[in-house]
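Visitor: One file: data_38.txt (compact mmCIF, C-alpha atoms).
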```txt
# COMPACT_ATOMS: atom_id res chain seq x y z
CA MET A 471 73.44 49.99 -219.60
CA VAL A 472 72.72 46.32 -218.91
CA SER A 473 69.92 44.53 -217.10
CA LEU A 474 70.83 42.34 -214.15
CA GLN A 475 68.00 39.95 -214.91
CA GLU A 476 69.46 38.99 -218.29
CA GLY A 477 72.18 36.39 -217.93
CA PRO A 478 75.19 36.60 -220.26
CA THR A 479 74.64 34.89 -223.61
CA LYS A 480 77.31 36.39 -225.88
CA LYS A 481 80.47 34.30 -226.11
CA VAL A 482 83.58 36.05 -224.85
CA SER A 483 86.84 36.17 -226.78
CA LEU A 484 89.92 34.10 -226.10
CA GLY A 485 91.82 37.33 -225.41
CA PHE A 486 89.38 38.23 -222.66
CA LEU A 487 89.66 34.78 -221.08
CA VAL A 488 93.46 34.88 -221.16
CA LEU A 489 93.65 38.32 -219.52
CA TYR A 490 91.01 37.26 -216.99
CA GLY A 491 93.08 34.19 -216.22
CA LEU A 492 96.29 36.20 -215.86
CA ALA A 493 94.65 38.70 -213.49
CA ASN A 494 93.28 35.85 -211.38
CA ALA A 495 96.63 34.09 -211.44
CA SER A 496 98.51 37.15 -210.23
CA ALA A 497 96.07 37.55 -207.32
CA ILE A 498 96.45 33.89 -206.33
CA LEU A 499 100.23 34.22 -206.62
CA ALA A 500 100.12 37.15 -204.20
CA VAL A 501 98.44 34.98 -201.55
CA MET A 502 98.95 31.22 -201.88
CA PRO A 503 102.75 30.77 -202.02
CA VAL A 504 103.10 33.52 -199.42
CA LEU A 505 100.78 31.50 -197.17
CA GLY A 506 102.48 28.18 -197.82
CA ILE A 507 106.14 29.24 -197.93
CA LEU A 508 107.03 32.77 -196.84
CA ILE A 509 104.73 33.20 -193.82
CA PRO A 510 105.72 29.89 -192.12
CA ALA A 511 109.38 30.54 -192.88
CA GLN A 512 109.24 34.10 -191.51
CA VAL A 513 107.35 32.99 -188.39
CA THR A 514 109.85 30.18 -187.77
CA ALA A 515 112.75 32.59 -188.23
CA VAL A 516 111.36 34.82 -185.44
CA ASP A 517 110.94 32.05 -182.82
CA VAL A 518 111.35 28.34 -183.61
CA ALA A 519 110.18 27.05 -180.21
CA ASN A 520 106.84 28.90 -180.38
CA SER A 521 106.41 28.60 -184.14
CA ALA A 522 103.12 26.67 -184.06
CA ASN A 523 101.38 29.16 -181.75
CA ASN A 524 102.81 32.14 -183.59
CA LEU A 525 101.79 30.69 -186.93
CA ALA A 526 98.28 30.04 -185.60
CA PHE A 527 98.04 33.69 -184.51
CA VAL A 528 99.28 35.12 -187.82
CA LEU A 529 97.15 32.82 -189.97
CA GLY A 530 94.03 33.23 -187.83
CA PHE A 531 94.30 37.02 -187.79
CA GLY A 532 94.87 37.08 -191.54
CA ALA A 533 91.98 34.71 -192.18
CA THR A 534 89.70 37.12 -190.31
CA GLY A 535 90.60 39.63 -192.99
CA ALA A 536 89.62 37.11 -195.67
CA PHE A 537 86.38 36.37 -193.81
CA LEU A 538 85.46 40.07 -193.88
CA GLY A 539 86.98 41.07 -197.20
CA ASN A 540 85.24 38.71 -199.60
CA PRO A 541 81.58 39.27 -198.64
CA ILE A 542 82.07 42.99 -198.00
CA GLY A 543 83.94 43.46 -201.26
CA GLY A 544 81.36 41.43 -203.16
CA ALA A 545 78.41 43.31 -201.68
CA LEU A 546 80.00 46.70 -202.29
CA SER A 547 80.74 45.88 -205.90
CA ASP A 548 77.16 44.63 -206.33
CA ARG A 549 75.91 48.09 -205.33
CA THR A 550 78.48 50.18 -207.18
CA VAL A 551 77.03 52.53 -209.77
CA SER A 552 79.87 53.84 -211.90
CA ARG A 553 80.47 54.60 -215.54
CA HIS A 554 83.34 52.13 -215.24
CA GLY A 555 80.98 49.33 -214.15
CA ARG A 556 80.52 47.47 -210.87
CA ARG A 557 83.59 45.24 -210.69
CA ARG A 558 86.40 47.22 -212.33
CA PRO A 559 86.75 49.89 -209.61
CA TRP A 560 87.07 47.22 -206.92
CA ILE A 561 89.64 45.28 -208.94
CA VAL A 562 91.78 48.43 -208.88
CA VAL A 563 91.23 49.05 -205.15
CA GLY A 564 91.86 45.40 -204.27
CA ALA A 565 95.07 45.13 -206.30
CA LEU A 566 96.59 48.37 -204.97
CA ALA A 567 95.79 47.65 -201.32
CA THR A 568 96.96 44.03 -201.55
CA ALA A 569 100.25 45.28 -202.96
CA GLY A 570 100.54 47.62 -199.97
CA GLY A 571 100.05 44.71 -197.57
CA LEU A 572 102.75 42.71 -199.34
CA VAL A 573 105.16 45.62 -198.96
CA LEU A 574 104.46 45.64 -195.21
CA LEU A 575 105.12 41.89 -195.00
CA ALA A 576 108.40 42.34 -196.85
CA TYR A 577 109.66 44.70 -194.13
CA SER A 578 108.17 42.86 -191.12
CA HIS A 579 110.45 41.25 -188.55
CA SER A 580 108.00 40.67 -185.69
CA ILE A 581 104.96 38.45 -185.22
CA LEU A 582 102.68 41.47 -184.68
CA TRP A 583 103.62 43.18 -187.94
CA LEU A 584 103.48 39.91 -189.83
CA ALA A 585 99.92 39.48 -188.55
CA VAL A 586 98.95 43.05 -189.53
CA GLY A 587 100.48 42.73 -192.98
CA TRP A 588 98.83 39.35 -193.56
CA PHE A 589 95.46 40.77 -192.47
CA ILE A 590 95.75 43.55 -195.05
CA VAL A 591 96.75 41.11 -197.79
CA GLN A 592 93.91 38.74 -196.92
CA PHE A 593 91.26 41.46 -196.59
CA PHE A 594 91.99 43.33 -199.80
CA GLY A 595 93.11 40.21 -201.64
CA ASN A 596 89.63 38.85 -201.02
CA VAL A 597 88.03 42.10 -202.13
CA LEU A 598 89.95 41.49 -205.36
CA PHE A 599 88.95 37.80 -205.47
CA ALA A 600 85.28 38.76 -204.99
CA ALA A 601 85.37 41.21 -207.89
CA HIS A 602 87.14 38.66 -210.10
CA ALA A 603 84.69 35.90 -209.18
CA ALA A 604 81.64 38.04 -209.94
CA VAL A 605 82.92 38.73 -213.47
CA GLN A 606 82.18 35.10 -214.38
CA PRO A 607 78.39 35.03 -213.75
CA ASP A 608 78.13 38.68 -214.89
CA TYR A 609 79.85 38.36 -218.23
CA ILE A 610 80.64 34.76 -219.22
CA PRO A 611 77.83 32.49 -220.52
CA VAL A 612 77.22 29.19 -218.77
CA ASN A 613 78.42 27.07 -221.69
CA GLN A 614 81.85 28.73 -221.53
CA ARG A 615 82.42 28.45 -217.78
CA GLY A 616 84.05 25.05 -217.85
CA ALA A 617 86.47 26.33 -220.51
CA THR A 618 86.99 29.44 -218.39
CA GLN A 619 87.97 27.29 -215.42
CA SER A 620 90.33 25.37 -217.68
CA ILE A 621 92.09 28.60 -218.64
CA LEU A 622 92.16 29.69 -215.00
CA GLY A 623 93.50 26.22 -214.23
CA LEU A 624 96.29 26.81 -216.75
CA THR A 625 97.32 30.41 -216.05
CA SER A 626 97.39 30.30 -212.26
CA PRO A 627 99.50 27.12 -212.11
CA ILE A 628 102.03 28.60 -214.53
CA PHE A 629 102.38 31.61 -212.22
CA LEU A 630 102.40 29.38 -209.15
CA LEU A 631 104.99 27.07 -210.69
CA GLY A 632 107.46 29.90 -211.21
CA GLY A 633 106.54 31.66 -207.98
CA THR A 634 106.76 28.53 -205.84
CA TYR A 635 110.15 27.60 -207.28
CA PHE A 636 111.46 31.15 -206.81
CA LEU A 637 110.14 31.65 -203.28
CA GLY A 638 111.42 28.28 -202.14
CA ARG A 639 114.94 29.30 -203.04
CA VAL A 640 115.12 33.05 -202.49
CA ASP A 641 117.78 33.94 -199.94
CA GLU A 642 116.12 37.04 -198.51
CA PHE A 643 112.39 37.38 -197.76
CA ARG A 644 112.15 40.93 -199.07
CA ALA A 645 113.47 39.91 -202.48
CA GLY A 646 110.66 37.37 -202.73
CA TYR A 647 107.81 39.86 -202.34
CA PHE A 648 108.52 42.52 -204.94
CA PRO A 649 108.22 40.33 -208.07
CA LEU A 650 104.79 39.23 -206.77
CA ILE A 651 103.77 42.87 -206.30
CA GLY A 652 104.87 43.82 -209.82
CA LEU A 653 102.95 40.97 -211.46
CA LEU A 654 99.84 41.67 -209.37
CA LEU A 655 99.67 45.32 -210.44
CA LEU A 656 100.63 44.72 -214.08
CA MET A 657 98.18 41.87 -214.78
CA ASN A 658 95.21 43.53 -213.10
CA LEU A 659 95.86 46.83 -214.86
CA ALA A 660 95.92 45.01 -218.22
CA PHE A 661 92.63 43.24 -217.46
CA VAL A 662 90.87 46.40 -216.23
CA LEU A 663 91.88 48.27 -219.39
CA TYR A 664 90.63 45.44 -221.64
CA TYR A 665 87.39 44.61 -219.80
CA GLN A 666 84.89 47.22 -220.90
CA GLU A 667 82.19 46.55 -218.32
CA ALA A 668 78.83 48.16 -219.00
CA PRO A 669 77.26 50.03 -216.04
CA VAL A 670 73.96 48.75 -214.64
CA ARG A 671 70.75 50.70 -214.30
CA LYS A 672 70.65 52.39 -210.91
CA GLU A 673 66.95 51.61 -210.44
CA GLU A 674 67.73 47.87 -210.48
CA LEU A 675 69.87 48.21 -207.36
CA PRO A 676 68.15 48.29 -203.96
CA VAL A 677 68.57 51.35 -201.73
CA PHE A 678 71.48 50.81 -199.36
CA GLU A 679 70.49 50.22 -195.73
CA TRP A 680 72.84 48.76 -193.13
CA LYS A 681 70.18 46.51 -191.62
CA THR A 682 69.24 45.11 -195.01
CA TYR A 683 72.89 44.83 -196.01
CA LEU A 684 73.89 42.82 -192.92
CA ALA A 685 70.77 40.65 -193.08
CA ALA A 686 71.63 39.75 -196.67
CA PHE A 687 74.55 37.65 -195.46
CA TRP A 688 72.06 35.25 -193.90
CA PHE A 689 70.16 32.96 -196.22
CA ASN A 690 67.12 30.85 -195.43
CA PRO A 691 67.98 27.15 -195.82
CA LYS A 692 64.31 26.26 -196.30
CA LYS A 693 63.86 28.73 -199.16
CA GLN A 694 67.29 28.09 -200.67
CA PRO A 695 68.00 24.43 -199.87
CA VAL A 696 70.46 23.80 -202.71
CA PHE A 697 72.49 26.90 -201.84
CA ALA A 698 72.44 25.93 -198.15
CA LYS A 699 73.60 22.39 -198.87
CA ALA A 700 76.36 23.70 -201.14
CA TRP A 701 77.50 26.10 -198.39
CA ILE A 702 77.71 23.34 -195.77
CA ALA A 703 79.56 21.05 -198.19
CA TRP A 704 81.98 23.87 -199.00
CA LEU A 705 82.57 24.40 -195.27
CA LEU A 706 83.26 20.70 -194.62
CA ILE A 707 85.62 20.32 -197.56
CA TRP A 708 87.59 23.46 -196.76
CA THR A 709 87.74 22.48 -193.09
CA GLY A 710 89.18 19.10 -194.04
CA TYR A 711 91.73 20.56 -196.42
CA THR A 712 92.81 23.30 -194.01
CA LEU A 713 93.08 20.82 -191.14
CA GLY A 714 95.14 18.29 -193.07
CA SER A 715 97.13 20.24 -195.62
CA GLY A 716 97.38 23.80 -194.38
CA SER A 717 100.56 25.51 -193.29
CA PHE A 718 101.12 22.90 -190.54
CA LEU A 719 102.33 20.63 -193.34
CA TYR A 720 105.48 22.79 -193.23
CA MET A 721 106.01 21.78 -189.60
CA TYR A 722 105.25 18.13 -190.33
CA VAL A 723 107.95 18.10 -193.00
CA GLN A 724 110.31 19.91 -190.64
CA HIS A 725 109.80 17.97 -187.39
CA ILE A 726 108.47 14.53 -188.40
CA VAL A 727 109.90 13.88 -191.85
CA GLY A 728 113.15 15.60 -190.87
CA TYR A 729 113.68 17.17 -194.28
CA GLU A 730 116.83 19.09 -193.36
CA THR A 731 118.40 15.89 -192.01
CA LEU A 732 117.46 13.90 -195.10
CA PHE A 733 118.73 16.58 -197.45
CA ALA A 734 121.69 18.30 -195.89
CA GLY A 735 122.11 21.91 -196.93
CA GLN A 736 118.48 22.35 -198.02
CA ALA A 737 115.82 24.34 -196.17
CA VAL A 738 112.31 23.06 -195.43
CA LYS A 739 110.79 25.68 -197.69
CA GLU A 740 112.63 24.07 -200.61
CA GLY A 741 110.89 20.76 -199.90
CA ILE A 742 107.49 22.46 -199.66
CA SER A 743 108.32 24.31 -202.87
CA ASN A 744 109.11 21.04 -204.65
CA ILE A 745 105.76 19.57 -203.58
CA GLY A 746 103.95 22.65 -204.88
CA ILE A 747 105.77 22.45 -208.22
CA LEU A 748 104.81 18.80 -208.70
CA GLN A 749 101.20 19.52 -207.73
CA THR A 750 101.12 22.13 -210.46
CA LEU A 751 102.77 19.98 -213.12
CA PHE A 752 100.32 17.13 -212.58
CA GLY A 753 97.30 19.26 -211.69
CA VAL A 754 97.25 21.47 -214.79
CA PRO A 755 96.58 18.78 -217.43
CA VAL A 756 94.02 17.08 -215.20
CA MET A 757 92.18 20.38 -214.63
CA LEU A 758 92.24 21.21 -218.35
CA LEU A 759 90.83 17.81 -219.26
CA VAL A 760 88.14 17.86 -216.58
CA GLY A 761 87.09 21.43 -217.45
CA VAL A 762 86.56 20.57 -221.12
CA LEU A 763 84.77 17.30 -220.31
CA SER A 764 82.42 19.03 -217.87
CA ASP A 765 81.31 21.44 -220.59
CA ARG A 766 80.86 18.77 -223.25
CA LEU A 767 79.01 16.38 -220.96
CA ASN A 768 77.16 19.20 -219.20
CA MET A 769 78.14 17.55 -215.91
CA ARG A 770 80.21 19.16 -213.18
CA LYS A 771 79.05 17.64 -209.91
CA ILE A 772 80.48 14.15 -210.42
CA PHE A 773 83.93 15.52 -211.22
CA VAL A 774 83.87 17.79 -208.17
CA VAL A 775 82.78 14.92 -205.89
CA LEU A 776 85.48 12.57 -207.21
CA SER A 777 88.12 15.25 -206.73
CA VAL A 778 87.13 15.63 -203.06
CA VAL A 779 87.23 11.85 -202.59
CA LEU A 780 90.79 11.90 -203.95
CA VAL A 781 91.70 14.56 -201.37
CA ALA A 782 90.15 12.42 -198.62
CA ILE A 783 92.10 9.32 -199.65
CA GLY A 784 95.30 11.34 -199.60
CA MET A 785 94.55 12.65 -196.11
CA GLY A 786 94.02 9.10 -194.92
CA LEU A 787 97.37 8.01 -196.33
CA LEU A 788 99.12 10.88 -194.54
CA THR A 789 98.27 9.25 -191.21
CA MET A 790 100.68 6.40 -192.01
CA ASN A 791 104.00 8.16 -191.28
CA LEU A 792 105.17 7.93 -194.87
CA GLY A 793 108.72 8.38 -196.06
CA TRP A 794 109.63 11.43 -198.10
CA THR A 795 109.01 9.93 -201.56
CA ALA A 796 105.63 8.47 -200.59
CA LEU A 797 104.70 11.73 -198.86
CA VAL A 798 105.42 13.67 -202.04
CA VAL A 799 103.25 11.31 -204.12
CA VAL A 800 100.35 11.58 -201.67
CA CYS A 801 100.62 15.38 -201.43
CA VAL A 802 100.61 15.62 -205.22
CA ALA A 803 97.40 13.56 -205.33
CA ILE A 804 95.84 15.84 -202.70
CA GLY A 805 96.92 18.90 -204.65
CA VAL A 806 95.49 17.60 -207.92
CA GLY A 807 92.18 16.72 -206.28
CA PHE A 808 91.88 20.04 -204.52
CA ARG A 809 92.78 21.96 -207.68
CA VAL A 810 89.88 20.32 -209.53
CA PHE A 811 87.54 20.95 -206.60
CA PHE A 812 88.61 24.59 -206.29
CA GLY A 813 88.37 25.33 -210.01
CA LEU A 814 85.39 23.32 -211.18
CA GLY A 815 83.60 23.77 -207.86
CA ALA A 816 83.62 27.52 -208.44
CA ALA A 817 81.90 27.00 -211.80
CA LEU A 818 79.35 24.72 -210.13
CA MET A 819 78.61 27.31 -207.44
CA SER A 820 78.16 30.07 -210.03
CA GLU A 821 75.15 28.14 -211.37
CA ILE A 822 73.22 27.97 -208.08
CA LEU A 823 73.41 31.59 -206.90
CA PRO A 824 70.03 32.71 -205.50
CA SER A 825 69.97 36.25 -206.92
CA ALA A 826 71.17 37.83 -210.16
CA SER A 827 71.45 41.27 -208.52
CA ASP A 828 73.57 40.00 -205.62
CA ARG A 829 76.02 37.66 -207.33
CA GLY A 830 79.06 39.25 -205.71
CA LYS A 831 77.53 39.06 -202.23
CA ASP A 832 76.33 35.48 -202.72
CA LEU A 833 79.77 34.39 -203.86
CA GLY A 834 81.10 36.17 -200.78
CA VAL A 835 78.74 34.15 -198.59
CA ILE A 836 80.06 30.97 -200.20
CA ASN A 837 83.58 32.21 -199.52
CA ILE A 838 82.75 32.60 -195.80
CA ALA A 839 82.60 28.80 -195.71
CA SER A 840 86.21 28.65 -196.87
CA THR A 841 87.49 31.34 -194.50
CA ILE A 842 85.88 30.15 -191.24
CA PRO A 843 88.22 27.12 -191.12
CA GLN A 844 91.21 29.38 -191.76
CA ILE A 845 90.25 31.49 -188.73
CA VAL A 846 89.44 28.68 -186.30
CA LEU A 847 91.69 25.81 -187.29
CA PRO A 848 95.18 27.31 -186.93
CA GLY A 849 94.57 27.58 -183.18
CA VAL A 850 93.00 24.12 -183.07
CA GLY A 851 95.88 22.67 -185.04
CA ALA A 852 98.47 24.29 -182.78
CA ALA A 853 96.70 22.96 -179.68
CA VAL A 854 96.55 19.43 -181.10
CA ILE A 855 100.21 19.46 -182.09
CA TYR A 856 101.41 20.84 -178.74
CA THR A 857 99.31 18.25 -176.88
CA TRP A 858 101.67 15.54 -178.12
CA GLY A 859 104.64 17.75 -178.97
CA LEU A 860 106.08 19.26 -182.15
CA ALA A 861 108.25 16.20 -182.76
CA SER A 862 105.51 13.58 -182.15
CA PRO A 863 103.63 12.19 -185.18
CA THR A 864 100.44 11.59 -183.14
CA GLY A 865 99.17 15.17 -183.23
CA TYR A 866 99.64 15.36 -187.00
CA GLN A 867 97.86 12.02 -187.42
CA VAL A 868 94.87 13.41 -185.51
CA LEU A 869 94.77 16.37 -187.91
CA PHE A 870 95.01 14.18 -191.01
CA GLY A 871 92.38 11.75 -189.70
CA GLY A 872 89.95 14.58 -189.05
CA ALA A 873 90.62 15.91 -192.54
CA LEU A 874 89.74 12.50 -194.02
CA ALA A 875 86.39 12.33 -192.24
CA LEU A 876 85.35 15.91 -193.02
CA SER A 877 86.32 15.65 -196.69
CA LEU A 878 84.22 12.50 -197.14
CA LEU A 879 81.23 14.16 -195.45
CA GLY A 880 81.56 17.14 -197.78
CA ALA A 881 81.74 14.88 -200.84
CA ALA A 882 78.63 12.98 -199.76
CA LEU A 883 76.71 16.20 -199.26
CA LEU A 884 77.71 17.53 -202.69
CA GLN A 885 76.63 14.27 -204.30
CA SER A 886 73.19 14.54 -202.68
CA MET A 887 72.52 18.03 -204.12
CA ARG A 888 69.49 18.13 -206.42
CA GLY A 889 69.04 20.33 -209.45
CA VAL A 890 72.70 20.53 -210.50
CA ARG A 891 74.61 18.24 -212.86
```
When written as structure tokens, how does the structure in this file appear?
Guide:
Amino acid sequence: MVSLQEGPTKKVSLGFLVLYGLANASAILAVMPVLGILIPAQVTAVDVANSANNLAFVLGFGATGAFLGNPIGGALSDRTVSRHGRRRPWIVVGALATAGGLVLLAYSHSILWLAVGWFIVQFFGNVLFAAHAAVQPDYIPVNQRGATQSILGLTSPIFLLGGTYFLGRVDEFRAGYFPLIGLLLLMNLAFVLYYQEAPVRKEELPVFEWKTYLAAFWFNPKKQPVFAKAWIAWLLIWTGYTLGSGSFLYMYVQHIVGYETLFAGQAVKEGISNIGILQTLFGVPVMLLVGVLSDRLNMRKIFVVLSVVLVAIGMGLLTMNLGWTALVVVCVAIGVGFRVFFGLGAALMSEILPSASDRGKDLGVINIASTIPQIVLPGVGAAVIYTWGLASPTGYQVLFGGALALSLLGAALLQSMRGVR
């Protein structure tokens, strides 16, 4: 048995960190390249003329699953009393159900079933993400969390590099899904078998009541000002990134850049795949360096803020109707900045959680800030684009300009946070 009030102090092994990184990487691989490559391509294949509206529907419905899955999964794992621990059972449930959703997507040929499959993947994928995220404050000491993020920043890009290249060139959608499913199940099984999580004392967990459970997802900004400021900053930054570099980038490359005209015989998803590969190749060494430096200097906030500023600058440059080569360079810069924010920002957030007994739920509340934009903005983005037309650059410029402003606001708010370095 372990006490929730005692933070982790024992250093974890390299083997543990590697398996933790591989499990995380397989979960990210099951979601991110599917979101950026397969879903837009499948939606476009169903109906090109209505692709923006259909994509908004599929992404918004799926993001609702993410919105629900992360906080619910985190809260349930917080309250799980099992001889196998709190997080391990939910890693198993999340991995199996996410795999089931991917199978449904593989066999979907209509917008409705694509939306249902994506909802399942997002809901249970975020149950899995919540369990993974809670392992860090539960088990890994603070002075190893920057190194942990460096390993996560190495393993997930390696998976994404191979997955993005493969999915960008696979001839048949179904063939793209099953390698992702196999890796997801294999990596999470290996981690669950290695991670011997100690159960917690039942008396440390509050009695479950629905009213108390639902109320827990609200936090008092006056009593928890740092957490509240972090949540708002997270919301602004994710809103900016989703608005400017979400799946509508696929349509920008298709209709404004004219990728298939520039590169005869190549599909748009190949161009998006190439951007993702370059983001990974440049982002990995930067994330590794920043993760190590943040531990040695005991400073994370400045690196996170600068990474968001880099994203904002990139969004501003996207408003300039760049040619393909310049667009690739700017997108790579955005990807590198967002990778540092996503990785090191998670380590920063793990240090400001209000309650030791509710780490999973609190991380889920933080995650709500990243899923709200994914629910609301696909519809907003579609409306903006259709206002000027799919083939007009003006609508996309509005999206990129909004992303610039919101990213800078988020960076300023993070910089103003007190009590974190």
Visitor: In terms of the shortest atom-to-atom distance over all atoms listed in the file, which of A:Ser547, A:Thr634, A:Ser715, A:Gln724 is closest to Leu748 in chain A?
Guide: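 Once distances to Leu748 in chain A are computed over all atoms listed in the file, the minimum belongs to A:Thr634.
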Visitor: By how many Å are CA of Ile581 in chain A and CA of Val516 in chain A apart?
Guide: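 That distance, rounded to one decimal, is 7.4 Å.
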Visitor: Could you please determine the separation between CA of Ser840 in chain A and CA of Arg766 in chain A in Å, to one decimal place?
Guide: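 Interatomic distance, CA of Ser840 in chain A to CA of Arg766 in chain A: 28.7 Å.
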Visitor: What gap, in Å, lies between CA of Val662 in chain A and CA of Gln592 in chain A?
Guide: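 These atoms are spaced 21.0 Å apart.
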Visitor: Restricting the calculation to only C-alpha atoms, which member of A:Leu574, A:Leu883, A:Ile855, A:Val605 is positioned closest to Tyr647 in chain A?
Guide: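 Smallest separation from Tyr647 in chain A among the options: A:Leu574.
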Visitor: Counting all atoms listed in the file, which of A:Leu705, A:Val798, A:Val696, A:Ile836 gets nearest to Tyr729 in chain A?
Guide: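 Residue with the minimum atom-to-atom distance to Tyr729 in chain A: A:Val798.
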Visitor: As a tab-separated table (two decimals) with C-alpha atoms, in the frame of the given file, please: the residues near range 778-782 of chain A (cut-off 6 Å, all atoms listed in the file, same-chain neighbours under 4 positions excluded).
Guide:
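Result file is around-v5.tsv:
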```tsv
chain	number	residue	atom	x	y	z
A	804	ILE	CA	95.84	15.84	-202.70
A	807	GLY	CA	92.18	16.72	-206.28
A	874	LEU	CA	89.74	12.50	-194.02
A	877	SER	CA	86.32	15.65	-196.69
A	881	ALA	CA	81.74	14.88	-200.84
```
Visitor: With all atoms listed in the file as the atoms that count, which of A:Leu653, A:Cys801, A:Val760, A:Met769 lies nearest to Ala497 in chain A?
Guide: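 Smallest separation from Ala497 in chain A among the options: A:Leu653.
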Visitor: Which neighbours of range 477-491 of chain A fall inside 6 Å, counting only C-alpha atoms, when residues of the same chain fewer than 2 positions from it are skipped, and could you give them as a ChimeraX atom specification?
Guide: /A:493-495,609-611,622,625,661
Visitor: Give the answer as one residue: which of A:Leu767, A:Trp583, A:Arg558, A:Pro863 has the shortest atom-to-atom distance to Tyr664 in chain A, using all atoms listed in the file?
Guide: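 The answer is A:Arg558, which sits nearest to Tyr664 in chain A.
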Visitor: Taking the point (99.9, 30.3, -186.7) as given in the file, collect each protein or nucleic acid residue that comes within 9 Å of it, counting all atoms listed in the file, and present the set as a PyMOL selection string.
Guide: chain A and resi 510+513+521-531+717-718+848-849+851-852
Visitor: Around the point (94.1, 33.4, -194.2), in the coordinates given by the file, pick out the residues reaching within 9 Å, counting only C-alpha atoms, and return them as an MDAnalysis selection string.
Guide: chainID A and resid 501 505 528:537 588:589 591:593 841 844:845
Visitor: Which residue gives the smallest distance to Gly746 in chain A among A:Met887, A:Ala576, A:Leu814, A:Leu630, with all atoms listed in the file counted?
Guide: A:Leu630
Visitor: Excluding Pro559 in chain A and residues on its chain fewer than 2 positions from it, collect all residues at most 12 Å away from it, counting all atoms listed in the file, and give them as a ChimeraX atom specification.
Guide: /A:543-544,546-557,561-566,597-598,601-602,658-659,661-663,665-667,669
Visitor: For Gly587 in chain A, work out the shell of residues within 7 Å, counting only C-alpha atoms and skipping chain neighbours fewer than 6 positions away, then give it as a VMD selection string.
Guide: chain A and resid 571 to 572 574 to 575
Visitor: Take the residues from that selection and write them out as an mmCIF file, in the frame of the given file, keeping C-alpha atoms.
Guide:
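Saved file part_0.cif follows:
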```
data_model
loop_
_atom_site.group_PDB
_atom_site.id
_atom_site.type_symbol
_atom_site.label_atom_id
_atom_site.label_comp_id
_atom_site.auth_asym_id
_atom_site.auth_seq_id
_atom_site.Cartn_x
_atom_site.Cartn_y
_atom_site.Cartn_z
ATOM 1 C CA GLY A 571 100.050 44.710 -197.570
ATOM 2 C CA LEU A 572 102.750 42.710 -199.340
ATOM 3 C CA LEU A 574 104.460 45.640 -195.210
ATOM 4 C CA LEU A 575 105.120 41.890 -195.000
#
```
